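Structure file final-v6.csv (CSV, C-alpha atoms and all ligand atoms) follows.
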chain,number,residue,atom,x,y,z
A,1,MET,CA,-8.6,31.5,-267.8
A,2,ASN,CA,-5.5,33.4,-266.8
A,3,ASP,CA,-3.1,31.1,-264.9
A,4,LYS,CA,-1.6,33.9,-262.7
A,5,PRO,CA,-3.8,36.0,-260.4
A,6,ILE,CA,-4.1,39.6,-261.4
A,7,TYR,CA,-4.5,41.8,-258.3
A,8,VAL,CA,-5.8,45.3,-258.1
A,9,THR,CA,-2.3,46.5,-257.7
A,10,GLN,CA,1.3,45.3,-257.6
A,11,PRO,CA,4.0,47.4,-256.0
A,12,TYR,CA,6.6,48.8,-258.3
A,13,LEU,CA,10.1,47.7,-257.2
A,14,PRO,CA,13.3,48.8,-258.8
A,15,PRO,CA,15.9,46.2,-259.9
A,16,LEU,CA,17.3,44.6,-256.7
A,17,GLU,CA,20.9,45.2,-257.7
A,18,GLU,CA,20.3,49.0,-257.8
A,19,PHE,CA,19.2,48.8,-254.1
A,20,ILE,CA,22.4,47.0,-252.9
A,21,PRO,CA,24.6,50.0,-252.9
A,22,TYR,CA,22.1,51.8,-250.6
A,23,LEU,CA,22.1,48.8,-248.3
A,24,GLU,CA,25.9,48.8,-248.2
A,25,LYS,CA,25.9,52.4,-247.1
A,26,ILE,CA,23.5,51.6,-244.3
A,27,TRP,CA,25.5,48.5,-243.2
A,28,ASP,CA,28.7,50.7,-243.2
A,29,SER,CA,27.3,53.6,-241.3
A,30,LYS,CA,25.2,51.6,-238.9
A,31,LEU,CA,22.7,54.5,-239.1
A,32,LEU,CA,19.3,52.7,-239.3
A,33,THR,CA,16.9,55.4,-238.2
A,34,ASN,CA,16.4,58.6,-236.3
A,35,LYS,CA,16.8,61.2,-239.0
A,36,GLY,CA,19.7,59.5,-240.8
A,37,PRO,CA,21.3,60.7,-244.1
A,38,PHE,CA,18.8,59.0,-246.4
A,39,HIS,CA,15.9,60.4,-244.4
A,40,GLN,CA,17.2,63.9,-244.9
A,41,GLU,CA,18.0,63.3,-248.5
A,42,LEU,CA,14.5,61.9,-249.2
A,43,GLU,CA,12.8,64.8,-247.6
A,44,GLU,CA,14.7,67.2,-249.8
A,45,ALA,CA,14.2,65.1,-252.9
A,46,LEU,CA,10.4,64.8,-252.3
A,47,CYS,CA,10.1,68.6,-251.8
A,48,ASP,CA,11.7,69.0,-255.2
A,49,TYR,CA,9.7,66.3,-256.9
A,50,LEU,CA,6.3,67.4,-255.4
A,51,ASP,CA,7.1,71.1,-255.6
A,52,VAL,CA,6.4,71.8,-251.9
A,53,GLU,CA,8.4,73.7,-249.4
A,54,HIS,CA,8.4,71.5,-246.3
A,55,LEU,CA,7.7,67.8,-245.7
A,56,ALA,CA,8.1,65.5,-242.8
A,57,LEU,CA,8.5,61.8,-243.4
A,58,PHE,CA,6.6,59.2,-241.4
A,59,ALA,CA,6.5,55.4,-240.9
A,60,ASN,CA,3.1,55.2,-242.5
A,61,GLY,CA,0.2,57.4,-243.6
A,62,THR,CA,-2.0,56.5,-240.7
A,63,ILE,CA,0.5,57.7,-238.0
A,64,ALA,CA,1.0,60.8,-240.1
A,65,LEU,CA,-2.8,61.5,-240.1
A,66,VAL,CA,-3.0,61.0,-236.3
A,67,THR,CA,0.0,63.3,-235.9
A,68,ALA,CA,-1.3,66.0,-238.3
A,69,LEU,CA,-4.4,66.3,-236.1
A,70,GLN,CA,-2.3,66.5,-233.0
A,71,ALA,CA,0.0,69.1,-234.5
A,72,LEU,CA,-3.0,71.5,-235.1
A,73,ARG,CA,-4.6,70.5,-231.8
A,74,ILE,CA,-7.8,69.5,-233.5
A,75,ALA,CA,-10.5,68.5,-231.1
A,76,GLY,CA,-14.3,68.3,-230.9
A,77,GLU,CA,-15.9,67.5,-234.3
A,78,VAL,CA,-14.3,67.1,-237.7
A,79,ILE,CA,-16.2,66.9,-241.0
A,80,THR,CA,-15.0,64.1,-243.2
A,81,THR,CA,-16.0,61.8,-246.0
A,82,PRO,CA,-17.4,58.3,-245.5
A,83,PHE,CA,-16.1,57.2,-249.0
A,84,SER,CA,-12.5,56.5,-248.1
A,85,PHE,CA,-10.2,53.9,-246.5
A,86,VAL,CA,-11.0,53.4,-242.8
A,87,ALA,CA,-7.7,55.0,-241.7
A,88,THR,CA,-9.1,58.4,-242.5
A,89,ALA,CA,-11.8,58.3,-239.8
A,90,HIS,CA,-9.8,56.1,-237.5
A,91,SER,CA,-7.2,58.9,-237.2
A,92,LEU,CA,-10.0,61.0,-235.7
A,93,LEU,CA,-11.0,58.4,-233.1
A,94,TRP,CA,-7.4,58.0,-232.1
A,95,ASN,CA,-7.5,61.7,-231.2
A,96,GLY,CA,-10.8,61.5,-229.3
A,97,ILE,CA,-12.5,63.5,-232.1
A,98,LYS,CA,-16.0,62.9,-233.3
A,99,PRO,CA,-16.2,62.3,-237.1
A,100,VAL,CA,-19.1,64.1,-238.8
A,101,PHE,CA,-19.8,62.4,-242.2
A,102,VAL,CA,-20.9,64.6,-245.1
A,103,ASP,CA,-22.0,63.2,-248.5
A,104,ILE,CA,-19.8,63.1,-251.6
A,105,ASP,CA,-20.1,64.7,-255.0
A,106,PRO,CA,-21.5,62.2,-257.6
A,107,ASN,CA,-18.9,63.1,-260.2
A,108,THR,CA,-15.6,63.6,-258.2
A,109,LEU,CA,-16.6,61.2,-255.4
A,110,ASN,CA,-15.0,63.7,-253.0
A,111,LEU,CA,-16.6,65.6,-250.1
A,112,ASP,CA,-19.4,67.7,-251.6
A,113,PRO,CA,-18.6,71.3,-250.6
A,114,THR,CA,-22.2,72.4,-251.0
A,115,LYS,CA,-23.1,70.0,-248.1
A,116,ILE,CA,-20.4,71.0,-245.6
A,117,GLU,CA,-21.9,74.2,-244.1
A,118,ALA,CA,-25.0,72.4,-242.9
A,119,ALA,CA,-22.8,70.0,-240.9
A,120,ILE,CA,-20.8,72.7,-239.1
A,121,THR,CA,-21.6,73.2,-235.4
A,122,PRO,CA,-20.0,75.2,-232.6
A,123,HIS,CA,-17.8,72.1,-232.0
A,124,THR,CA,-16.4,71.9,-235.5
A,125,THR,CA,-12.7,72.6,-235.6
A,126,ALA,CA,-11.6,71.1,-238.9
A,127,ILE,CA,-12.5,69.5,-242.2
A,128,LEU,CA,-10.7,66.3,-243.3
A,129,PRO,CA,-11.3,65.8,-247.0
A,130,VAL,CA,-9.7,63.0,-249.1
A,131,HIS,CA,-8.5,63.4,-252.7
A,132,CYS,CA,-10.1,60.1,-253.5
A,133,TYR,CA,-8.4,58.0,-256.1
A,134,GLY,CA,-6.0,61.0,-256.7
A,135,ASN,CA,-8.9,63.2,-257.9
A,136,PRO,CA,-8.5,66.7,-256.4
A,137,CYS,CA,-11.2,68.0,-254.1
A,138,ASP,CA,-12.8,71.3,-254.8
A,139,VAL,CA,-10.0,73.0,-252.8
A,140,ASP,CA,-11.1,76.6,-253.4
A,141,ALA,CA,-14.7,76.0,-252.2
A,142,ILE,CA,-13.5,74.0,-249.1
A,143,GLN,CA,-11.0,76.8,-248.2
A,144,THR,CA,-13.7,79.5,-248.5
A,145,ILE,CA,-15.9,77.5,-246.0
A,146,ALA,CA,-12.9,77.0,-243.7
A,147,ASP,CA,-12.1,80.7,-243.7
A,148,ASN,CA,-15.7,81.7,-243.1
A,149,TYR,CA,-16.0,79.4,-240.1
A,150,ASN,CA,-12.4,79.7,-238.9
A,151,VAL,CA,-11.8,75.9,-239.1
A,152,LYS,CA,-8.6,74.1,-240.2
A,153,VAL,CA,-8.3,71.9,-243.3
A,154,ILE,CA,-6.2,68.7,-243.3
A,155,TYR,CA,-6.2,66.9,-246.6
A,156,ASP,CA,-5.9,63.1,-246.6
A,157,ALA,CA,-3.8,63.0,-249.7
A,158,ALA,CA,-2.9,59.3,-249.4
A,159,HIS,CA,-3.9,58.8,-253.1
A,160,ALA,CA,-2.6,62.2,-254.4
A,161,PHE,CA,1.1,61.8,-254.8
A,162,GLY,CA,2.3,64.1,-257.6
A,163,VAL,CA,-1.2,65.3,-258.5
A,164,GLN,CA,-1.5,68.9,-259.7
A,165,CYS,CA,-4.7,70.9,-259.7
A,166,HIS,CA,-5.4,74.3,-261.5
A,167,CYS,CA,-2.6,76.0,-259.5
A,168,GLY,CA,0.2,73.5,-259.1
A,169,SER,CA,0.7,70.8,-256.5
A,170,VAL,CA,-2.6,69.9,-254.9
A,171,LEU,CA,-0.6,69.2,-251.7
A,172,LYS,CA,-0.2,73.0,-251.1
A,173,HIS,CA,-3.8,73.4,-250.2
A,174,GLY,CA,-5.2,73.3,-246.7
A,175,ASP,CA,-3.2,73.6,-243.5
A,176,LEU,CA,-1.6,70.2,-243.9
A,177,SER,CA,-1.7,67.4,-246.4
A,178,VAL,CA,-0.9,63.8,-245.5
A,179,LEU,CA,0.6,61.3,-248.0
A,180,SER,CA,0.9,57.5,-247.9
A,181,PHE,CA,3.8,55.6,-249.4
A,182,HIS,CA,2.3,52.1,-248.6
A,183,ALA,CA,3.2,49.2,-250.9
A,184,THR,CA,-0.1,49.7,-252.8
A,185,LYS,CA,0.5,53.4,-253.6
A,186,VAL,CA,1.9,55.1,-256.7
A,187,PHE,CA,5.1,55.9,-254.9
A,188,ASN,CA,6.0,53.3,-252.3
A,189,THR,CA,8.7,52.9,-249.6
A,190,PHE,CA,7.3,49.5,-248.5
A,191,GLU,CA,5.5,51.4,-245.7
A,192,GLY,CA,5.7,55.1,-245.3
A,193,GLY,CA,4.0,58.4,-245.3
A,194,ALA,CA,4.6,62.2,-245.0
A,195,ILE,CA,3.0,65.4,-243.9
A,196,VAL,CA,3.3,68.4,-246.2
A,197,CYS,CA,3.7,71.5,-244.0
A,198,PRO,CA,3.4,75.2,-245.0
A,199,ASP,CA,6.4,76.5,-243.0
A,200,ALA,CA,9.6,75.4,-241.2
A,201,ARG,CA,8.1,76.1,-237.8
A,202,THR,CA,5.2,73.7,-238.4
A,203,LYS,CA,7.6,71.1,-239.8
A,204,GLN,CA,9.8,71.4,-236.7
A,205,HIS,CA,6.8,70.9,-234.4
A,206,ILE,CA,5.7,67.8,-236.4
A,207,ASP,CA,9.3,66.5,-236.4
A,208,ASN,CA,9.2,66.8,-232.6
A,209,LEU,CA,5.9,65.0,-232.4
A,210,LYS,CA,7.0,62.1,-234.5
A,211,ASN,CA,10.1,61.7,-232.2
A,212,PHE,CA,8.3,61.3,-228.8
A,213,GLY,CA,8.3,65.1,-228.4
A,214,PHE,CA,12.0,65.3,-227.9
A,215,VAL,CA,13.7,68.6,-228.9
A,216,ASN,CA,17.1,67.6,-227.6
A,217,GLU,CA,18.6,64.9,-225.5
A,218,THR,CA,16.9,65.8,-222.3
A,219,THR,CA,13.9,68.0,-223.2
A,220,VAL,CA,10.5,66.6,-224.1
A,221,VAL,CA,7.9,69.3,-225.2
A,222,ALA,CA,4.9,67.2,-226.2
A,223,SER,CA,3.5,63.7,-225.7
A,224,GLY,CA,4.7,62.6,-229.1
A,225,ILE,CA,4.8,59.3,-230.7
A,226,ASN,CA,7.3,57.1,-232.7
A,227,GLY,CA,6.3,58.0,-236.2
A,228,LYS,CA,9.8,58.0,-237.8
A,229,MET,CA,10.7,56.5,-241.1
A,230,SER,CA,13.7,54.2,-241.1
A,231,GLU,CA,16.8,54.6,-243.3
A,232,PHE,CA,15.8,51.4,-245.2
A,233,ASN,CA,12.5,52.9,-246.3
A,234,ALA,CA,14.0,56.3,-247.0
A,235,ALA,CA,16.8,54.7,-249.2
A,236,LEU,CA,14.2,52.8,-251.2
A,237,GLY,CA,12.2,56.0,-251.7
A,238,LEU,CA,15.2,57.7,-253.2
A,239,LEU,CA,15.7,54.9,-255.6
A,240,GLN,CA,12.0,54.7,-256.4
A,241,LEU,CA,12.0,58.4,-257.4
A,242,LYS,CA,14.4,57.6,-260.2
A,243,HIS,CA,11.9,55.2,-261.8
A,244,LEU,CA,8.8,57.0,-261.0
A,245,ASP,CA,8.2,58.9,-264.3
A,246,ARG,CA,8.4,55.7,-266.3
A,247,ALA,CA,6.0,54.0,-263.9
A,248,LEU,CA,3.5,56.9,-264.1
A,249,ALA,CA,3.7,56.8,-267.9
A,250,ARG,CA,2.7,53.1,-268.0
A,251,ARG,CA,-0.2,53.8,-265.6
A,252,CYS,CA,-1.3,56.6,-267.9
A,253,GLU,CA,-1.3,54.2,-270.9
A,254,ILE,CA,-3.4,51.7,-268.9
A,255,ASP,CA,-5.8,54.3,-267.8
A,256,HIS,CA,-6.3,55.5,-271.4
A,257,THR,CA,-6.7,52.0,-272.7
A,258,TYR,CA,-9.4,51.2,-270.1
A,259,ARG,CA,-11.3,54.4,-270.9
A,260,GLU,CA,-11.1,53.9,-274.7
A,261,LEU,CA,-12.1,50.3,-274.7
A,262,LEU,CA,-14.8,50.5,-272.0
A,263,LYS,CA,-16.5,53.7,-273.2
A,264,ASP,CA,-19.1,51.9,-275.3
A,265,VAL,CA,-19.8,49.1,-272.8
A,266,PRO,CA,-23.4,49.7,-271.7
A,267,GLY,CA,-23.7,50.0,-268.0
A,268,ILE,CA,-20.0,50.6,-267.3
A,269,ARG,CA,-19.1,54.1,-266.3
A,270,CYS,CA,-15.4,55.0,-265.9
A,271,VAL,CA,-15.1,57.7,-263.2
A,272,ASP,CA,-14.0,60.9,-264.8
A,273,GLN,CA,-10.9,62.8,-263.6
A,274,ALA,CA,-11.7,65.9,-261.6
A,275,GLY,CA,-9.9,68.4,-263.8
A,276,GLN,CA,-6.4,67.8,-262.5
A,277,HIS,CA,-3.6,69.2,-264.6
A,278,ALA,CA,-1.3,66.3,-263.7
A,279,ALA,CA,-2.9,62.9,-262.8
A,280,ASN,CA,-1.2,60.0,-261.1
A,281,TYR,CA,-3.5,57.2,-262.3
A,282,ALA,CA,-3.4,55.6,-258.8
A,283,TYR,CA,-6.7,53.7,-259.2
A,284,PHE,CA,-9.1,52.8,-262.0
A,285,PRO,CA,-12.6,52.9,-260.5
A,286,ILE,CA,-15.6,51.9,-262.6
A,287,LEU,CA,-19.3,52.2,-261.7
A,288,VAL,CA,-21.5,49.3,-262.6
A,289,GLU,CA,-24.9,50.9,-263.5
A,290,ALA,CA,-28.3,49.3,-263.6
A,291,ASP,CA,-28.2,48.7,-267.4
A,292,TYR,CA,-25.2,46.4,-267.1
A,293,PRO,CA,-26.2,42.8,-267.5
A,294,LEU,CA,-24.7,41.8,-264.1
A,295,SER,CA,-24.9,43.4,-260.7
A,296,ARG,CA,-21.7,44.9,-259.3
A,297,ASP,CA,-21.2,42.0,-257.0
A,298,ALA,CA,-21.8,39.5,-259.8
A,299,LEU,CA,-19.2,41.2,-262.0
A,300,TYR,CA,-16.8,41.3,-259.0
A,301,GLN,CA,-17.3,37.5,-258.6
A,302,LYS,CA,-17.1,36.9,-262.4
A,303,LEU,CA,-13.7,38.7,-262.4
A,304,ARG,CA,-12.5,36.6,-259.4
A,305,GLU,CA,-13.6,33.4,-261.1
A,306,ASN,CA,-11.2,34.5,-263.9
A,307,ASN,CA,-8.4,35.2,-261.5
A,308,ILE,CA,-8.9,39.0,-261.6
A,309,TYR,CA,-9.0,40.5,-258.1
A,310,GLY,CA,-10.5,44.0,-258.5
A,311,ARG,CA,-11.5,45.6,-255.2
A,312,ARG,CA,-14.6,47.4,-254.1
A,313,TYR,CA,-12.8,50.4,-252.7
A,314,PHE,CA,-14.7,51.9,-250.8
A,315,TYR,CA,-17.4,49.4,-249.8
A,316,PRO,CA,-18.6,49.3,-247.1
A,317,LEU,CA,-18.6,53.0,-246.4
A,318,ILE,CA,-16.6,53.9,-243.3
A,319,SER,CA,-19.8,55.1,-241.8
A,320,GLU,CA,-21.1,51.5,-241.9
A,321,PHE,CA,-18.4,50.1,-239.6
A,322,PRO,CA,-19.5,49.3,-236.0
A,323,MET,CA,-17.5,52.1,-234.4
A,324,TYR,CA,-19.2,54.7,-236.6
A,325,ARG,CA,-22.7,53.5,-237.5
A,326,GLY,CA,-24.3,54.9,-234.3
A,327,LEU,CA,-23.4,58.5,-235.3
A,328,SER,CA,-26.3,60.5,-236.6
A,329,SER,CA,-24.2,61.6,-239.6
A,330,ALA,CA,-23.5,58.0,-240.5
A,331,GLN,CA,-27.2,57.3,-241.4
A,332,ARG,CA,-27.7,56.3,-245.0
A,333,SER,CA,-30.3,59.0,-245.4
A,334,ASN,CA,-27.6,61.6,-244.7
A,335,LEU,CA,-25.2,59.9,-247.3
A,336,PRO,CA,-27.4,59.0,-250.3
A,337,VAL,CA,-24.7,59.6,-253.0
A,338,ALA,CA,-21.9,57.8,-251.1
A,339,SER,CA,-24.2,54.9,-250.3
A,340,GLU,CA,-25.1,54.5,-254.0
A,341,ILE,CA,-21.5,54.8,-255.2
A,342,ALA,CA,-20.3,52.2,-252.6
A,343,GLU,CA,-22.8,49.7,-254.1
A,344,LYS,CA,-21.6,50.4,-257.7
A,345,VAL,CA,-17.8,50.7,-257.6
A,346,ILE,CA,-15.1,48.3,-258.5
A,347,CYS,CA,-11.4,49.4,-258.8
A,348,LEU,CA,-9.8,47.5,-261.7
A,349,PRO,CA,-6.1,46.4,-261.7
A,350,ILE,CA,-3.7,49.2,-262.6
A,351,TYR,CA,0.0,49.0,-262.0
A,352,PRO,CA,3.1,49.6,-264.1
A,353,ALA,CA,3.8,45.8,-264.7
A,354,LEU,CA,0.3,45.0,-265.9
A,355,SER,CA,0.8,43.6,-269.4
A,356,ASN,CA,-1.3,44.5,-272.4
A,357,ASN,CA,-2.4,40.9,-272.6
A,358,ASP,CA,-3.7,41.0,-269.1
A,359,LEU,CA,-5.3,44.4,-269.7
A,360,ASN,CA,-7.1,43.2,-272.8
A,361,TYR,CA,-8.2,40.0,-270.9
A,362,ILE,CA,-9.8,42.1,-268.1
A,363,ILE,CA,-11.5,44.4,-270.7
A,364,ALA,CA,-12.8,41.4,-272.7
A,365,ILE,CA,-14.4,39.9,-269.6
A,366,ILE,CA,-16.1,43.1,-268.6
A,367,SER,CA,-17.2,43.8,-272.2
A,368,ASP,CA,-18.8,40.3,-272.6
A,369,PRO,CA,-19.5,38.9,-269.2
A,370,GLN,CA,-21.9,36.1,-270.3
B,401,LIG,N1,-6.0,57.4,-246.2
B,401,LIG,C1,-6.4,56.8,-247.3
B,401,LIG,C2,-7.3,57.5,-248.2
B,401,LIG,C3,-5.9,55.5,-247.7
B,401,LIG,O1,-6.3,54.9,-248.8
B,401,LIG,C4,-4.9,54.9,-246.8
B,401,LIG,C5,-4.4,53.6,-247.2
B,401,LIG,C6,-4.5,55.6,-245.7
B,401,LIG,C7,-5.1,56.8,-245.4
B,401,LIG,C8,-3.5,55.0,-244.7
B,401,LIG,O2,-2.2,55.0,-245.2
B,401,LIG,P1,-1.2,53.8,-244.7
B,401,LIG,O3,-1.2,53.9,-243.2
B,401,LIG,O4,-1.6,52.5,-245.2
B,401,LIG,O5,0.1,54.3,-245.2
B,401,LIG,C9,-4.8,48.8,-248.9
B,401,LIG,C10,-3.6,49.4,-248.2
B,401,LIG,O6,-3.2,48.6,-247.1
B,401,LIG,C11,-3.8,50.8,-247.7
B,401,LIG,O7,-2.6,51.4,-247.5
B,401,LIG,C12,-4.6,51.6,-248.6
B,401,LIG,N2,-4.9,52.9,-248.1
B,401,LIG,C13,-5.9,50.9,-249.0
B,401,LIG,C14,-6.7,51.7,-250.1
B,401,LIG,O8,-5.5,49.7,-249.7
B,401,LIG,P2,-6.0,46.6,-248.5
B,401,LIG,O9,-6.5,45.9,-247.2
B,401,LIG,O10,-6.9,46.7,-249.6
B,401,LIG,O11,-4.6,46.0,-248.9
B,401,LIG,P3,-4.2,44.5,-249.5
B,401,LIG,O12,-3.2,44.0,-248.6
B,401,LIG,O13,-5.5,43.7,-249.6
B,401,LIG,O14,-3.6,44.9,-250.9
B,401,LIG,C15,-4.3,45.0,-252.1
B,401,LIG,C16,-3.6,44.2,-253.2
B,401,LIG,O15,-2.3,44.7,-253.4
B,401,LIG,C17,-3.4,42.7,-252.8
B,401,LIG,O16,-4.4,42.0,-253.2
B,401,LIG,C18,-2.1,42.4,-253.6
B,401,LIG,C19,-1.4,43.7,-253.7
B,401,LIG,N3,-0.2,43.8,-252.8
B,401,LIG,C20,-0.4,44.3,-251.5
B,401,LIG,C21,0.6,44.4,-250.7
B,401,LIG,C22,0.4,45.0,-249.3
B,401,LIG,C23,1.0,43.3,-253.2
B,401,LIG,O17,1.2,42.8,-254.3
B,401,LIG,N4,2.0,43.5,-252.3
B,401,LIG,C24,1.9,44.0,-251.1
B,401,LIG,O18,2.9,44.1,-250.3
B,401,LIG,O19,-5.6,48.1,-248.1

What does the file become when written as structure tokens?
Ligand code: T4K
Amino acid sequence: MNDKPIYVTQPYLPPLEEFIPYLEKIWDSKLLTNKGPFHQELEEALCDYLDVEHLALFANGTIALVTALQALRIAGEVITTPFSFVATAHSLLWNGIKPVFVDIDPNTLNLDPTKIEAAITPHTTAILPVHCYGNPCDVDAIQTIADNYNVKVIYDAAHAFGVQCHCGSVLKHGDLSVLSFHATKVFNTFEGGAIVCPDARTKQHIDNLKNFGFVNETTVVASGINGKMSEFNAALGLLQLKHLDRALARRCEIDHTYRELLKDVPGIRCVDQAGQHAANYAYFPILVEADYPLSRDALYQKLRENNIYGRRYFYPLISEFPMYRGLSSAQRSNLPVASEIAEKVICLPIYPALSNNDLNYIIAIISDPQ
């Protein structure tokens, strides 16, 4: 057995000595937060890296989601996926909005556009899809529905840092896209997040909202919140960007190795990519099918016994949690695909520092679990 635990992910951190000069600047300037120089610089650097026009940094992805909904004054009902991290739907409850769950596509595991229209009511004001595991949603189909029914689209793009679909950055789709820079994400600032905005006016409004609604020293225009990213996190982000391409290249190698060495294992299905032109290899989900010798949970346990801590993202479905399960859209009969996938999925370890030895060890256990 492996002597060290292998977790589903391990944050990438740059060499500590490279971060010291950034800290020295913060110590010298005494500028710790409130739109300091690193904050400004990171917003610009991320716009360049992600090829988007405007972006507002946040303290984390959840506050960014809550604020994105506020910024567009979303109310009533919002259509969303049950197959996501609970923060997606929680952001709706924090705004007094009723989530309406719609089933997912069995291949992309994203909101199934063919099922959205049937869930639209006169109270629907927006769709909140998730680019799950960094696989892009069917952005064109979703936009067509949104245009036909005059509803907004806010993408939960927490997993989709750097992902490109058929027409460039996937973050350009919808009215807003929300990123997470949490420790477990492809690009991390310890904690952090951002809203990608289509124009300077929207960004200004969002910047006001994340700063209590202040527009100047004495004027408050909205009941905003404190969603600001600190200079520490922004400085780390700037340094992380310098290392990102190498980190992504290693993730890509790991992804390819899993796919190649698991492809002939009966009962194990690697989730295909969803046609993205640039992937970020954020997660490596597998589906444990009926012809595998162990159940999903037995394989999950077997891996744990061998010090491998894969995760069943996203089991249970959001719709199964107590604050959601009373909704009519949360019933399993409304969500047959998501319910089935949640019973089959395990996300395997993928992160830049995962060694080939550990990778082969994980694959060996899955290939021969007896
Ligand atoms: N929308 C979506 C679709 C999301 O997936 C998320 C977050 C959000 C919105 C909200 O964004 P944030 O507000 O978080 O910015 C983790 C993360 O906490 C969460 O950010 C993430 N999604 C979710 C998918 O995964 P847990 O409860 O599984 O995390 P945890 O602490 O068990 O970490 C998993 C493994 O990672 C650990 O076993 C070890 C390793 N790890 C983790 C941390 C935090 C480390 O090695 N170092 C660390 O600092 O939720």

Counting all atoms listed in the file, which of A:Asp358, A:Asp3, A:Asp138, A:Glu17 gets nearest to Val170 (chain A)?
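Of all the options, A:Asp138 lies closest to Val170 (chain A).
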
What do you get as an MDAnalysis selection string if you pick all residues at most 6 Å from ligand LIG 401 (chain B), counting only C-alpha atoms and all ligand atoms?
chainID A and resid 7:11 60:62 84:85 87:88 156 158 180:184 192:193

Expected file contents, prior selection, C-alpha atoms, as a PDB file, keeping the file's coordinate frame:
ATOM      1  CA  TYR A   7      -4.500  41.800-258.300  1.00  0.00           C
ATOM      2  CA  VAL A   8      -5.800  45.300-258.100  1.00  0.00           C
ATOM      3  CA  THR A   9      -2.300  46.500-257.700  1.00  0.00           C
ATOM      4  CA  GLN A  10       1.300  45.300-257.600  1.00  0.00           C
ATOM      5  CA  PRO A  11       4.000  47.400-256.000  1.00  0.00           C
ATOM      6  CA  ASN A  60       3.100  55.200-242.500  1.00  0.00           C
ATOM      7  CA  GLY A  61       0.200  57.400-243.600  1.00  0.00           C
ATOM      8  CA  THR A  62      -2.000  56.500-240.700  1.00  0.00           C
ATOM      9  CA  SER A  84     -12.500  56.500-248.100  1.00  0.00           C
ATOM     10  CA  PHE A  85     -10.200  53.900-246.500  1.00  0.00           C
ATOM     11  CA  ALA A  87      -7.700  55.000-241.700  1.00  0.00           C
ATOM     12  CA  THR A  88      -9.100  58.400-242.500  1.00  0.00           C
ATOM     13  CA  ASP A 156      -5.900  63.100-246.600  1.00  0.00           C
ATOM     14  CA  ALA A 158      -2.900  59.300-249.400  1.00  0.00           C
ATOM     15  CA  SER A 180       0.900  57.500-247.900  1.00  0.00           C
ATOM     16  CA  PHE A 181       3.800  55.600-249.400  1.00  0.00           C
ATOM     17  CA  HIS A 182       2.300  52.100-248.600  1.00  0.00           C
ATOM     18  CA  ALA A 183       3.200  49.200-250.900  1.00  0.00           C
ATOM     19  CA  THR A 184      -0.100  49.700-252.800  1.00  0.00           C
ATOM     20  CA  GLY A 192       5.700  55.100-245.300  1.00  0.00           C
ATOM     21  CA  GLY A 193       4.000  58.400-245.300  1.00  0.00           C
TER      22      GLY A 193
END

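Residue nearest Phe19 (chain A), chosen from A:Gly237, A:Gly326, A:Gly275, A:Pro129 and counting all atoms listed in the file: A:Gly237.
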
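The space between CA of Ile104 (chain A) and CA of Val337 (chain A) spans 6.2 Å.
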
CA of Ala56 (chain A) to CA of Arg250 (chain A): how many Å, to one decimal?
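Computed distance, CA of Ala56 (chain A) to CA of Arg250 (chain A), equals 28.6 Å.
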
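The smallest atom-to-atom distance between Ala234 (chain A) and any of A:Ala194, A:Ile362, A:Ile79, A:Leu335, using only C-alpha atoms, is found for A:Ala194.
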
Residues at most 8 Å from region 253-268 of chain A, counting only C-alpha atoms, excluding those fewer than 5 positions away in the same chain, as a list of chain:residue names?
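In the requested form, the answer reads A:Tyr281, A:Phe284, A:Ile286, A:Leu287, A:Val288, A:Glu289, A:Ala290, A:Asp291, A:Tyr292, A:Pro293, A:Ile350, A:Leu359, A:Ile363, A:Ser367.
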
List the neighbours of region 140-155 of chain A out to 7 Å using all atoms listed in the file; skip same-chain residues closer than 5 positions along the sequence, and give me the result as a list in words.
Pro113, Thr125, Ala126, Ile127, Leu128, Pro129, Val130, Gly174, Asp175, Leu176, Ser177 and Val178 of chain A

Identify which of the residues A:Tyr12, A:Cys270, A:Ser333, A:Asn357 lies closest to Arg251 (chain A), counting only C-alpha atoms when measuring atom-to-atom distances.
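Of the candidates, the smallest distance to Arg251 (chain A) is held by A:Tyr12.
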
Using only C-alpha atoms, which residue out of A:Pro82, A:Pro37, A:Gly227, A:Pro136 lies closest to Phe314 (chain A)?
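Closest to Phe314 (chain A) of all the choices is A:Pro82.
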
Could you check the closest approach to Tyr49 (chain A) for each of A:Gly162, A:His205, A:Ile341, A:Asn188 and tell me which residue wins, using only C-alpha atoms?
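Of the candidates, the smallest distance to Tyr49 (chain A) is held by A:Gly162.
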
Hey, what's within 8 Å of Tyr283 (chain A) if we count all atoms listed in the file and toss same-chain stuff fewer than 6 positions away? As number ranges by chain, please?
A: 133-134, 347-350

One-decimal distance in Å that lies between CA of Ser329 (chain A) and CA of Gln273 (chain A):
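CA of Gln273 (chain A) sits 27.5 Å away from CA of Ser329 (chain A).
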